[in-house]
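Asks: Here it is, the structure in full.
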Amino acid sequence: MARTPGQAARRDPDWEGVRLHVVSGKGGTGKTTVAAALALALAAEGHRTLLIEVEGRQGIAELFGIAALPYEERRIASVTPAQLGLPAQDGANAGGEVHALAIDTEQALLEYLDMFYKLGRAGKALQKVGFVDFATTIAPGVRDVLLTGKACEAARRKGPDGRRRYDAVVMDAPPTGRITRFLNVNSEVAGLARIGPIHSQAQAVMRVLKSAETAVHLVTLLEEMPVQETVDGFAELREAGLPVGGVLVNMVRPPVLDAAAVAAVDGDHREEVALALGEAGLGGRSRKPETVRATVEPLLDPLLEQAREHAERVELERARRADLQQLKLPTYELPLLGEGVDLGGLYRLAGELKRQGAA
């Protein structure tokens, strides 16, 4: 059942117990925007979330209007229920925090080598001679282990007080077309190492990724190609034994015409539209029928054509919704923000996700 934008009632969260939210989607669906909004929604009411970027595009920094992120965790935003347009639950108004990390593969590999092989300065020497690029190029599975491993470590990390450092971790992951391969690190490194630290690291990562603490959400649009890629993506995730999450439908446009108007749009309504335009005063001050008609006549064809195009889009979107409903997964709809997604828009989307139960 899809949750739609602007629902007044607030739902209980659908993902209690999930600490690692992996967000993927076809290119152009706005997955980075949705991942950032989800991180904000999860942080409201006094929680701390970590938003991780793995593709090196600095999309998080651009969204939040900050300088490029270094390879370190840092706080980038605070959020309260009020900022999301929501009342606090149980009278709690405590604000939460969003931290962010842009993972640098080179730095992550050097960190890994130092951790397991105690290379120290030798690791810096390897960096200078280009070993890091060489290693991650000939063995891309190693790169994926490093990226997913960093997210899994953050999701389970505890502070000195024994409590989890982050209440939730959100990963802005690679596109749907390669998300299963990216997450299925066991098969990726099987041919590289059957024993040793890399193998052990891959096994530890898979224990987290295949646990109930992880959910893989896919972002889509109500268009044929993104929806088909989403359907295929969930099928691949299920086949690999990875935990599927929800469907995040982005950039949903509100219907301008109601169901009756959509059904009637193919009929001959030229005279009715002309009469309605005249009654609305678009014929000017003149009351003469011929003058009114002459004034509204140039408007009729463009208006009727727009109505037909809108009705066609509504029908196509209805068909795509039916395809997504076949997945039988929690589905959330985020509105198209006509003015673009600035920081205020990001908080608005976060409020929608919170209201619909995604966080």
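Going by the structure tokens order, chains are called A, B, ..., each with residues numbered from 1, while ligands are numbered from 1 in the order shown.
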Tell me, as a PyMOL selection string, which residues lie within 10 Å of Arg321 of chain A, counting only C-alpha atoms; anything in the same chain fewer than 4 positions away does not count.

Replies: chain A and resi 1-2+221-223+227+249+315-317+325-326+331

Asks: Name all residues at most 7 Å from segment 66-73 of chain A (count only C-alpha atoms; drop same-chain ones fewer than 6 positions away) and give them as JSON, numbers by chain.

Replies: {"A": [58, 99, 100, 101, 102, 103, 104]}

Asks: Take the residues that were just selected and, keeping N, CA, C and O atoms, output them as a short mmCIF file (atom, residue, chain, number, x, y, z; two decimals), in the first residue's frame.

Replies:
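The resulting file, result01.cif, is reproduced below:
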data_model
loop_
_atom_site.label_atom_id
_atom_site.label_comp_id
_atom_site.auth_asym_id
_atom_site.auth_seq_id
_atom_site.Cartn_x
_atom_site.Cartn_y
_atom_site.Cartn_z
N GLN A 58 30.62 13.75 -4.10
CA GLN A 58 30.38 14.88 -3.19
C GLN A 58 28.95 15.42 -3.32
O GLN A 58 28.69 16.62 -3.19
N HIS A 99 25.37 13.22 10.76
CA HIS A 99 26.79 13.27 10.45
C HIS A 99 26.97 12.69 9.05
O HIS A 99 26.11 11.96 8.55
N ALA A 100 28.08 13.01 8.43
CA ALA A 100 28.31 12.53 7.06
C ALA A 100 29.74 12.06 6.89
O ALA A 100 30.65 12.52 7.59
N LEU A 101 29.91 11.13 5.96
CA LEU A 101 31.23 10.61 5.62
C LEU A 101 31.27 10.32 4.12
O LEU A 101 30.44 9.58 3.61
N ALA A 102 32.23 10.94 3.44
CA ALA A 102 32.48 10.62 2.04
C ALA A 102 33.68 9.67 2.01
O ALA A 102 34.81 10.09 2.31
N ILE A 103 33.43 8.41 1.73
CA ILE A 103 34.51 7.42 1.81
C ILE A 103 35.47 7.57 0.63
O ILE A 103 35.05 7.55 -0.53
N ASP A 104 36.72 7.71 0.94
CA ASP A 104 37.78 7.76 -0.06
C ASP A 104 38.41 6.37 -0.13
O ASP A 104 38.98 5.89 0.84
#

Asks: Where does segment 261-336 of chain A meet segment 28-49 of chain A within 12 Å, residue by residue, with the nearest atom pair and distance in Å to one decimal for each, counting only C-alpha atoms, listed by chain and rising number, as a tab-separated table?

Replies:
residue	atom	partner	partner_atom	distance
A:Tyr332	CA	A:Val34	CA	11.0
A:Glu333	CA	A:Val34	CA	10.8
A:Leu334	CA	A:Val34	CA	8.8
A:Pro335	CA	A:Val34	CA	11.3
A:Leu336	CA	A:Gly30	CA	10.7

Asks: Restricting the calculation to only C-alpha atoms, which member of A:Gly59, A:Pro330, A:Leu343, A:Glu290 is positioned closest to Ala359 of chain A?

Replies: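 Using only C-alpha atoms, Ala359 of chain A sits closest to A:Pro330.
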
Asks: Pick out the closest residue to Ser200 of chain A from this set: A:Arg11, A:Val145, A:Asp323, A:Leu86. Count only C-alpha atoms.

Replies: A:Val145

Asks: Between atom CA of Gly357 of chain A and atom CA of Asp12 of chain A, what distance in Å does the model show, to one decimal?

Replies: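 Result for atom CA of Gly357 of chain A versus atom CA of Asp12 of chain A: 5.4 Å, one decimal.
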
Asks: Excluding Thr180 of chain A and its own-chain neighbours fewer than 4 positions away, which residues fall within 7 Å of it when counting only C-alpha atoms? Please give them as a list in words.

Replies: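 Once the nearby chain positions are removed, what remains is Asn184, Glu236 and Leu237 of chain A.
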
Asks: Go ahead and save the residues from that selection, with all heavy atoms, as an mmCIF file, in the first residue's frame.

Replies:
data_model
loop_
_atom_site.group_PDB
_atom_site.id
_atom_site.type_symbol
_atom_site.label_atom_id
_atom_site.label_comp_id
_atom_site.auth_asym_id
_atom_site.auth_seq_id
_atom_site.Cartn_x
_atom_site.Cartn_y
_atom_site.Cartn_z
ATOM 1 N N ASN A 184 26.995 -7.963 -2.444
ATOM 2 C CA ASN A 184 27.282 -9.398 -2.305
ATOM 3 C C ASN A 184 28.791 -9.632 -2.335
ATOM 4 O O ASN A 184 29.324 -10.297 -3.220
ATOM 5 C CB ASN A 184 26.583 -10.170 -3.423
ATOM 6 C CG ASN A 184 26.416 -11.637 -3.077
ATOM 7 O OD1 ASN A 184 26.491 -12.017 -1.907
ATOM 8 N ND2 ASN A 184 26.194 -12.458 -4.076
ATOM 9 N N GLU A 236 16.735 -9.459 -7.953
ATOM 10 C CA GLU A 236 18.140 -9.829 -7.802
ATOM 11 C C GLU A 236 18.557 -9.829 -6.333
ATOM 12 O O GLU A 236 19.318 -10.702 -5.897
ATOM 13 C CB GLU A 236 19.017 -8.861 -8.599
ATOM 14 C CG GLU A 236 18.863 -9.005 -10.109
ATOM 15 C CD GLU A 236 19.607 -7.920 -10.873
ATOM 16 O OE1 GLU A 236 20.293 -7.096 -10.216
ATOM 17 O OE2 GLU A 236 19.506 -7.895 -12.113
ATOM 18 N N LEU A 237 18.088 -8.853 -5.577
ATOM 19 C CA LEU A 237 18.409 -8.808 -4.150
ATOM 20 C C LEU A 237 17.871 -10.033 -3.431
ATOM 21 O O LEU A 237 18.572 -10.639 -2.596
ATOM 22 C CB LEU A 237 17.827 -7.532 -3.524
ATOM 23 C CG LEU A 237 18.497 -6.213 -3.901
ATOM 24 C CD1 LEU A 237 17.626 -5.033 -3.460
ATOM 25 C CD2 LEU A 237 19.881 -6.099 -3.253
#

Asks: Which neighbours of Val23 of chain A fall inside 8 Å, counting only C-alpha atoms, when residues of the same chain fewer than 6 positions from it are skipped, and could you give them as a ChimeraX atom specification?

Replies: /A:31,34-35,170-173,216-219

Asks: Next, dump the selected residues to file, keeping only all heavy atoms, as a PDB file, in the first residue's frame.

Replies:
ATOM      1  N   LYS A  31      18.340   9.496  -5.987  1.00  0.00           N
ATOM      2  CA  LYS A  31      18.621   8.629  -4.835  1.00  0.00           C
ATOM      3  C   LYS A  31      19.438   9.342  -3.759  1.00  0.00           C
ATOM      4  O   LYS A  31      19.225   9.105  -2.566  1.00  0.00           O
ATOM      5  CB  LYS A  31      19.305   7.332  -5.264  1.00  0.00           C
ATOM      6  CG  LYS A  31      20.739   7.465  -5.740  1.00  0.00           C
ATOM      7  CD  LYS A  31      21.335   6.107  -6.078  1.00  0.00           C
ATOM      8  CE  LYS A  31      22.777   6.245  -6.579  1.00  0.00           C
ATOM      9  NZ  LYS A  31      23.697   6.734  -5.555  1.00  0.00           N
ATOM     10  N   VAL A  34      17.061  11.485  -1.787  1.00  0.00           N
ATOM     11  CA  VAL A  34      16.202  10.667  -0.930  1.00  0.00           C
ATOM     12  C   VAL A  34      16.996  10.094   0.241  1.00  0.00           C
ATOM     13  O   VAL A  34      16.505  10.045   1.368  1.00  0.00           O
ATOM     14  CB  VAL A  34      15.533   9.542  -1.752  1.00  0.00           C
ATOM     15  CG1 VAL A  34      14.745   8.606  -0.845  1.00  0.00           C
ATOM     16  CG2 VAL A  34      14.610  10.135  -2.815  1.00  0.00           C
ATOM     17  N   ALA A  35      18.243   9.668  -0.018  1.00  0.00           N
ATOM     18  CA  ALA A  35      19.084   9.152   1.069  1.00  0.00           C
ATOM     19  C   ALA A  35      19.311  10.228   2.123  1.00  0.00           C
ATOM     20  O   ALA A  35      19.236   9.964   3.336  1.00  0.00           O
ATOM     21  CB  ALA A  35      20.416   8.658   0.513  1.00  0.00           C
ATOM     22  N   VAL A 170      22.858   5.562   6.985  1.00  0.00           N
ATOM     23  CA  VAL A 170      22.229   5.578   5.661  1.00  0.00           C
ATOM     24  C   VAL A 170      23.342   5.628   4.617  1.00  0.00           C
ATOM     25  O   VAL A 170      24.172   6.544   4.637  1.00  0.00           O
ATOM     26  CB  VAL A 170      21.284   6.778   5.483  1.00  0.00           C
ATOM     27  CG1 VAL A 170      20.670   6.773   4.073  1.00  0.00           C
ATOM     28  CG2 VAL A 170      20.186   6.750   6.544  1.00  0.00           C
ATOM     29  N   MET A 171      23.372   4.657   3.731  1.00  0.00           N
ATOM     30  CA  MET A 171      24.378   4.630   2.673  1.00  0.00           C
ATOM     31  C   MET A 171      23.762   5.036   1.345  1.00  0.00           C
ATOM     32  O   MET A 171      22.805   4.420   0.879  1.00  0.00           O
ATOM     33  CB  MET A 171      24.999   3.243   2.525  1.00  0.00           C
ATOM     34  CG  MET A 171      26.079   3.180   1.436  1.00  0.00           C
ATOM     35  SD  MET A 171      26.472   1.498   0.894  1.00  0.00           S
ATOM     36  CE  MET A 171      27.227   0.838   2.365  1.00  0.00           C
ATOM     37  N   ASP A 172      24.309   6.088   0.749  1.00  0.00           N
ATOM     38  CA  ASP A 172      23.957   6.466  -0.622  1.00  0.00           C
ATOM     39  C   ASP A 172      24.772   5.545  -1.526  1.00  0.00           C
ATOM     40  O   ASP A 172      25.940   5.793  -1.803  1.00  0.00           O
ATOM     41  CB  ASP A 172      24.290   7.935  -0.865  1.00  0.00           C
ATOM     42  CG  ASP A 172      24.018   8.374  -2.293  1.00  0.00           C
ATOM     43  OD1 ASP A 172      23.254   7.679  -2.979  1.00  0.00           O
ATOM     44  OD2 ASP A 172      24.591   9.386  -2.726  1.00  0.00           O
ATOM     45  N   ALA A 173      24.156   4.467  -1.962  1.00  0.00           N
ATOM     46  CA  ALA A 173      24.856   3.359  -2.611  1.00  0.00           C
ATOM     47  C   ALA A 173      24.894   3.513  -4.134  1.00  0.00           C
ATOM     48  O   ALA A 173      24.242   4.401  -4.697  1.00  0.00           O
ATOM     49  CB  ALA A 173      24.175   2.044  -2.236  1.00  0.00           C
ATOM     50  N   VAL A 216      17.593  -2.767   2.226  1.00  0.00           N
ATOM     51  CA  VAL A 216      17.995  -2.138   0.968  1.00  0.00           C
ATOM     52  C   VAL A 216      16.756  -1.529   0.319  1.00  0.00           C
ATOM     53  O   VAL A 216      15.846  -2.251  -0.094  1.00  0.00           O
ATOM     54  CB  VAL A 216      18.653  -3.149   0.005  1.00  0.00           C
ATOM     55  CG1 VAL A 216      19.171  -2.421  -1.244  1.00  0.00           C
ATOM     56  CG2 VAL A 216      19.786  -3.896   0.705  1.00  0.00           C
ATOM     57  N   HIS A 217      16.717  -0.199   0.267  1.00  0.00           N
ATOM     58  CA  HIS A 217      15.593   0.522  -0.323  1.00  0.00           C
ATOM     59  C   HIS A 217      15.963   0.952  -1.746  1.00  0.00           C
ATOM     60  O   HIS A 217      17.104   1.344  -2.006  1.00  0.00           O
ATOM     61  CB  HIS A 217      15.268   1.773   0.490  1.00  0.00           C
ATOM     62  CG  HIS A 217      15.151   1.533   1.970  1.00  0.00           C
ATOM     63  ND1 HIS A 217      14.114   0.833   2.525  1.00  0.00           N
ATOM     64  CD2 HIS A 217      15.955   1.912   3.018  1.00  0.00           C
ATOM     65  CE1 HIS A 217      14.264   0.787   3.851  1.00  0.00           C
ATOM     66  NE2 HIS A 217      15.383   1.436   4.159  1.00  0.00           N
ATOM     67  N   LEU A 218      14.997   0.923  -2.634  1.00  0.00           N
ATOM     68  CA  LEU A 218      15.228   1.365  -4.009  1.00  0.00           C
ATOM     69  C   LEU A 218      14.353   2.576  -4.335  1.00  0.00           C
ATOM     70  O   LEU A 218      13.157   2.587  -4.049  1.00  0.00           O
ATOM     71  CB  LEU A 218      14.946   0.231  -4.999  1.00  0.00           C
ATOM     72  CG  LEU A 218      15.826  -1.024  -4.867  1.00  0.00           C
ATOM     73  CD1 LEU A 218      15.542  -1.994  -6.004  1.00  0.00           C
ATOM     74  CD2 LEU A 218      17.302  -0.679  -4.818  1.00  0.00           C
ATOM     75  N   VAL A 219      14.994   3.589  -4.932  1.00  0.00           N
ATOM     76  CA  VAL A 219      14.300   4.818  -5.342  1.00  0.00           C
ATOM     77  C   VAL A 219      13.886   4.687  -6.803  1.00  0.00           C
ATOM     78  O   VAL A 219      14.657   4.203  -7.639  1.00  0.00           O
ATOM     79  CB  VAL A 219      15.223   6.040  -5.169  1.00  0.00           C
ATOM     80  CG1 VAL A 219      14.502   7.323  -5.559  1.00  0.00           C
ATOM     81  CG2 VAL A 219      15.728   6.127  -3.729  1.00  0.00           C
TER      82      VAL A 219
END

Asks: Show which residues sit within 12 Å of segment 270-272 of chain A, as a ChimeraX atom specification. Count only C-alpha atoms, and ignore same-chain residues fewer than 5 positions away.

Replies: /A:264-265,277-279,293,296-305,307

Asks: For atom CA of Thr176 of chain A and atom CA of Leu110 of chain A, quote the distance in Å rounded to one decimal.

Replies: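 Spanning atom CA of Thr176 of chain A to atom CA of Leu110 of chain A is a straight-line distance of 28.3 Å.
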
Asks: So which one's closest to Gly65 of chain A, A:Arg238, A:Ala77, A:Ala204, A:Val314? Using only C-alpha atoms, please.

Replies: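 Using only C-alpha atoms, the shortest distance to Gly65 of chain A belongs to A:Ala77.
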